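Since the structure comes first, as structure tokens, the remarks are kept for the end.
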Amino acid sequence: MDVTKSQYKRCDLVKVTGRIDSFTAPKLAEALNEITNAGKYNLAIDMNEVEYISSAGLRVMIDVQKTCKHLNRGEVVLVGVPKRIFETFELAGFVPLFRFMDDVTAAIASF
Amino acid sequence: MGNSVDKKSGVIFRKTASFPAKFSSLKEIGQFVRKAIRKAQLSEGTTYKVLLAVDEACSNIIEHAYGGESDEDINCSCLVTDKDLVIQLRDHGGSFNPDTIPSPDLKSTIEHRARGGLGVFFIRQFMDEVIYKSIPANSRSGQKYDRENILTMVKRKEGER
């Protein structure tokens, strides 16, 4: 798994590639916590190149969304979620908890 | 090249391997199981689901049976027959019976969403049969471990989704 971060005026973009499992999820959590610990709560996570996500990865997603949505200070938007991974979000009942978008540029502009 | 079937048992493929009980093994275990899935000729969607179930089960063994990464092993055996794919995971940690894990409340709000239980829920959703056995060593003499836990997961080929 690789994580690449870039900063925009109104949000931070985090591109994740590869496998998000119990081995790599802590590294993703760390990358996301660095952003929220800096007081930034508008996040777009680009998941176009995520191959796989397990419940450990879903827990990271729900944790960061909780942090961001707290006090209405921001939110996490998930971008380009592949079909299989979206199905996992559906099964977990996570779909109502996130905004899903197809396009990275549109997601950045949506904040 | 087609798969050769043992006419009597219906067995197409059988393979066993042990992996260190560490999270870094998860990818390798997935690659090992993928070979059996290929022999079972399951669809791409089913492949993803079986791999996810195995990954969740192994994560639970490391996290709950062994109480974290350990020098012990996870033993994985795959059996493909003409009817199904059977995956067995064995460990020698504490008993972690998935039947005792309640299903997560999938309707609760984000503030109240519980963090646990999803892995076992996925295993149950994705596999056709899930059988857990925890056997104390005293019922089986001559073992060097106190306990053997065996999780058997079956995916049937017929009517796969």
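Labeling convention for the structure tokens: chains A, B, ... as they appear, residues from 1 per chain, ligands from 1 in order of appearance.
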Could you list, as a PyMOL selection string, the residues of chain B having an atom within 12 Å of chain A when counting only C-alpha atoms?
-> chain B and resi 21-28+30+44-63+68-69+103-126
In stretch 3-159 of chain B, what's helix (DSSP H, G or I) per DSSP? Answer as a PyMOL selection string?
-> chain B and resi 23-40+44-65+98-100+110-112+118-126+137-139
Atom CA of B:Pro20 to atom CA of B:Ser70 measures 7.4 Å
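You can rank A:Val95, A:Val50, A:Met101, A:Ala38 by their closest distance to A:Cys68 using only C-alpha atoms, and at the top of that list sits A:Ala38.
Residues of stretch 18-102 of chain A carrying a DSSP assignment of strand (DSSP E or B), computed from the backbone, are Gly18, Arg19, Ile20, Asn42, Leu43, Ala44, Ile45, Asp46, Met47, Asn48, Glu49, Val50, Glu51, Tyr52, Ile53, Glu75, Val76, Val77, Leu78, Val79, Arg99, Phe100 and Met101 of chain A.
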Please provide as a PyMOL selection string all residues within 12 Å of A:Ala106, with the sequence filter that same-chain residues fewer than 3 positions apart are discarded (counting only C-alpha atoms).
-> chain A and resi 13+44+46+77-80+100-103+109-111
Compile the contact shell of B:Ala36 as a PDB file with N, CA, C and O atoms, in the first residue's frame: residues with an atom at most 12 Å away, counting only C-alpha atoms, same-chain residues fewer than 4 positions apart removed.
ATOM      1  N   ASN B   3      -8.631 -29.596 -15.421  1.00  0.00           N
ATOM      2  CA  ASN B   3      -8.269 -30.146 -14.121  1.00  0.00           C
ATOM      3  C   ASN B   3      -8.540 -31.650 -14.104  1.00  0.00           C
ATOM      4  O   ASN B   3      -9.559 -32.100 -14.589  1.00  0.00           O
ATOM      5  N   VAL B  11     -11.550 -35.175  -5.598  1.00  0.00           N
ATOM      6  CA  VAL B  11     -10.551 -34.167  -5.251  1.00  0.00           C
ATOM      7  C   VAL B  11      -9.776 -33.718  -6.491  1.00  0.00           C
ATOM      8  O   VAL B  11      -9.255 -34.531  -7.240  1.00  0.00           O
ATOM      9  N   ILE B  12      -9.721 -32.395  -6.689  1.00  0.00           N
ATOM     10  CA  ILE B  12      -9.027 -31.818  -7.827  1.00  0.00           C
ATOM     11  C   ILE B  12      -7.664 -31.269  -7.400  1.00  0.00           C
ATOM     12  O   ILE B  12      -6.690 -31.340  -8.125  1.00  0.00           O
ATOM     13  N   PHE B  13      -7.622 -30.740  -6.175  1.00  0.00           N
ATOM     14  CA  PHE B  13      -6.423 -30.016  -5.734  1.00  0.00           C
ATOM     15  C   PHE B  13      -6.372 -30.010  -4.212  1.00  0.00           C
ATOM     16  O   PHE B  13      -7.412 -29.889  -3.556  1.00  0.00           O
ATOM     17  N   ARG B  14      -5.176 -30.175  -3.681  1.00  0.00           N
ATOM     18  CA  ARG B  14      -5.024 -30.160  -2.231  1.00  0.00           C
ATOM     19  C   ARG B  14      -3.647 -29.600  -1.897  1.00  0.00           C
ATOM     20  O   ARG B  14      -2.655 -30.032  -2.479  1.00  0.00           O
ATOM     21  N   LYS B  15      -3.588 -28.592  -1.032  1.00  0.00           N
ATOM     22  CA  LYS B  15      -2.296 -28.022  -0.680  1.00  0.00           C
ATOM     23  C   LYS B  15      -2.332 -27.403   0.719  1.00  0.00           C
ATOM     24  O   LYS B  15      -3.318 -26.796   1.098  1.00  0.00           O
ATOM     25  N   THR B  16      -1.250 -27.574   1.456  1.00  0.00           N
ATOM     26  CA  THR B  16      -1.159 -27.062   2.825  1.00  0.00           C
ATOM     27  C   THR B  16       0.151 -26.300   3.008  1.00  0.00           C
ATOM     28  O   THR B  16       1.169 -26.694   2.449  1.00  0.00           O
ATOM     29  N   ILE B  29      -0.521 -15.280   2.304  1.00  0.00           N
ATOM     30  CA  ILE B  29      -1.599 -16.262   2.507  1.00  0.00           C
ATOM     31  C   ILE B  29      -2.638 -16.096   1.388  1.00  0.00           C
ATOM     32  O   ILE B  29      -3.124 -17.063   0.820  1.00  0.00           O
ATOM     33  N   GLY B  30      -2.933 -14.851   1.047  1.00  0.00           N
ATOM     34  CA  GLY B  30      -3.869 -14.562  -0.039  1.00  0.00           C
ATOM     35  C   GLY B  30      -3.391 -15.153  -1.361  1.00  0.00           C
ATOM     36  O   GLY B  30      -4.168 -15.750  -2.106  1.00  0.00           O
ATOM     37  N   GLN B  31      -2.090 -15.012  -1.616  1.00  0.00           N
ATOM     38  CA  GLN B  31      -1.532 -15.561  -2.869  1.00  0.00           C
ATOM     39  C   GLN B  31      -1.607 -17.087  -2.880  1.00  0.00           C
ATOM     40  O   GLN B  31      -1.863 -17.696  -3.916  1.00  0.00           O
ATOM     41  N   PHE B  32      -1.401 -17.677  -1.705  1.00  0.00           N
ATOM     42  CA  PHE B  32      -1.467 -19.143  -1.581  1.00  0.00           C
ATOM     43  C   PHE B  32      -2.894 -19.643  -1.850  1.00  0.00           C
ATOM     44  O   PHE B  32      -3.110 -20.588  -2.612  1.00  0.00           O
ATOM     45  N   ALA B  40     -10.384 -24.037  -8.502  1.00  0.00           N
ATOM     46  CA  ALA B  40     -11.831 -24.220  -8.305  1.00  0.00           C
ATOM     47  C   ALA B  40     -12.632 -23.473  -9.372  1.00  0.00           C
ATOM     48  O   ALA B  40     -13.857 -23.623  -9.451  1.00  0.00           O
ATOM     49  N   GLN B  41     -11.941 -22.674 -10.161  1.00  0.00           N
ATOM     50  CA  GLN B  41     -12.549 -21.908 -11.261  1.00  0.00           C
ATOM     51  C   GLN B  41     -13.730 -21.047 -10.804  1.00  0.00           C
ATOM     52  O   GLN B  41     -14.798 -21.051 -11.426  1.00  0.00           O
ATOM     53  N   LEU B  42     -13.529 -20.345  -9.729  1.00  0.00           N
ATOM     54  CA  LEU B  42     -14.574 -19.441  -9.222  1.00  0.00           C
ATOM     55  C   LEU B  42     -14.507 -18.110  -9.977  1.00  0.00           C
ATOM     56  O   LEU B  42     -13.468 -17.750 -10.526  1.00  0.00           O
ATOM     57  N   THR B  47     -13.960 -14.833  -6.049  1.00  0.00           N
ATOM     58  CA  THR B  47     -12.542 -14.849  -5.658  1.00  0.00           C
ATOM     59  C   THR B  47     -12.274 -13.751  -4.631  1.00  0.00           C
ATOM     60  O   THR B  47     -11.672 -14.000  -3.588  1.00  0.00           O
ATOM     61  N   VAL B  50     -13.871 -14.707  -1.216  1.00  0.00           N
ATOM     62  CA  VAL B  50     -13.167 -15.778  -0.498  1.00  0.00           C
ATOM     63  C   VAL B  50     -11.855 -15.237   0.074  1.00  0.00           C
ATOM     64  O   VAL B  50     -11.520 -15.497   1.242  1.00  0.00           O
ATOM     65  N   LEU B  51     -11.134 -14.448  -0.729  1.00  0.00           N
ATOM     66  CA  LEU B  51      -9.870 -13.881  -0.250  1.00  0.00           C
ATOM     67  C   LEU B  51     -10.104 -12.960   0.948  1.00  0.00           C
ATOM     68  O   LEU B  51      -9.329 -12.952   1.903  1.00  0.00           O
ATOM     69  N   CYS B  76      -2.552 -23.265   6.873  1.00  0.00           N
ATOM     70  CA  CYS B  76      -3.664 -23.092   5.932  1.00  0.00           C
ATOM     71  C   CYS B  76      -3.690 -24.263   4.965  1.00  0.00           C
ATOM     72  O   CYS B  76      -2.685 -24.554   4.312  1.00  0.00           O
ATOM     73  N   SER B  77      -4.833 -24.945   4.898  1.00  0.00           N
ATOM     74  CA  SER B  77      -4.929 -25.983   3.873  1.00  0.00           C
ATOM     75  C   SER B  77      -6.145 -25.739   2.993  1.00  0.00           C
ATOM     76  O   SER B  77      -7.209 -25.336   3.450  1.00  0.00           O
ATOM     77  N   CYS B  78      -5.931 -25.952   1.706  1.00  0.00           N
ATOM     78  CA  CYS B  78      -6.977 -25.731   0.714  1.00  0.00           C
ATOM     79  C   CYS B  78      -7.287 -27.050   0.022  1.00  0.00           C
ATOM     80  O   CYS B  78      -6.367 -27.781  -0.355  1.00  0.00           O
ATOM     81  N   LEU B  79      -8.541 -27.312  -0.132  1.00  0.00           N
ATOM     82  CA  LEU B  79      -8.980 -28.521  -0.819  1.00  0.00           C
ATOM     83  C   LEU B  79     -10.038 -28.122  -1.846  1.00  0.00           C
ATOM     84  O   LEU B  79     -11.014 -27.455  -1.507  1.00  0.00           O
ATOM     85  N   VAL B  80      -9.796 -28.532  -3.082  1.00  0.00           N
ATOM     86  CA  VAL B  80     -10.784 -28.266  -4.120  1.00  0.00           C
ATOM     87  C   VAL B  80     -11.348 -29.601  -4.582  1.00  0.00           C
ATOM     88  O   VAL B  80     -10.590 -30.500  -4.949  1.00  0.00           O
ATOM     89  N   THR B  81     -12.650 -29.731  -4.513  1.00  0.00           N
ATOM     90  CA  THR B  81     -13.287 -30.939  -5.041  1.00  0.00           C
ATOM     91  C   THR B  81     -14.142 -30.531  -6.241  1.00  0.00           C
ATOM     92  O   THR B  81     -14.187 -29.352  -6.606  1.00  0.00           O
ATOM     93  N   ASP B  84     -16.842 -28.220  -4.269  1.00  0.00           N
ATOM     94  CA  ASP B  84     -16.562 -27.019  -3.480  1.00  0.00           C
ATOM     95  C   ASP B  84     -15.078 -26.763  -3.203  1.00  0.00           C
ATOM     96  O   ASP B  84     -14.222 -27.588  -3.511  1.00  0.00           O
ATOM     97  N   LEU B  85     -14.869 -25.602  -2.612  1.00  0.00           N
ATOM     98  CA  LEU B  85     -13.535 -25.206  -2.141  1.00  0.00           C
ATOM     99  C   LEU B  85     -13.604 -25.180  -0.612  1.00  0.00           C
ATOM    100  O   LEU B  85     -14.490 -24.539  -0.044  1.00  0.00           O
ATOM    101  N   VAL B  86     -12.701 -25.925   0.029  1.00  0.00           N
ATOM    102  CA  VAL B  86     -12.687 -25.981   1.493  1.00  0.00           C
ATOM    103  C   VAL B  86     -11.361 -25.403   1.975  1.00  0.00           C
ATOM    104  O   VAL B  86     -10.291 -25.859   1.567  1.00  0.00           O
ATOM    105  N   ILE B  87     -11.447 -24.391   2.839  1.00  0.00           N
ATOM    106  CA  ILE B  87     -10.232 -23.785   3.388  1.00  0.00           C
ATOM    107  C   ILE B  87     -10.232 -23.996   4.904  1.00  0.00           C
ATOM    108  O   ILE B  87     -11.211 -23.660   5.582  1.00  0.00           O
ATOM    109  N   LYS B 155     -16.774 -22.897   0.377  1.00  0.00           N
ATOM    110  CA  LYS B 155     -17.465 -22.152  -0.683  1.00  0.00           C
ATOM    111  C   LYS B 155     -17.893 -23.164  -1.742  1.00  0.00           C
ATOM    112  O   LYS B 155     -17.067 -23.861  -2.317  1.00  0.00           O
TER     113      LYS B 155
END
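Note that atom CA of B:Lys35 and atom CA of A:Leu28 are 28.5 Å apart.
Taking atom CA of B:Pro98 and atom CA of B:Glu129 as the two end points, the separation is 12.5 Å.
Using only C-alpha atoms for every distance, the candidate list B:Lys7, B:His64, B:Arg156, B:Lys144 yields B:His64 as the residue closest to B:Phe96.
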Selected residue, from A:Gly18, A:Pro26, A:Gly74, A:Gly57, that lies nearest to A:Asn42 when counting only C-alpha atoms | A:Gly74
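Distances here use only C-alpha atoms; by that measure, the residue among A:Lys5, A:Lys40, A:Lys27, A:Lys15 closest to A:Val81 is A:Lys15.
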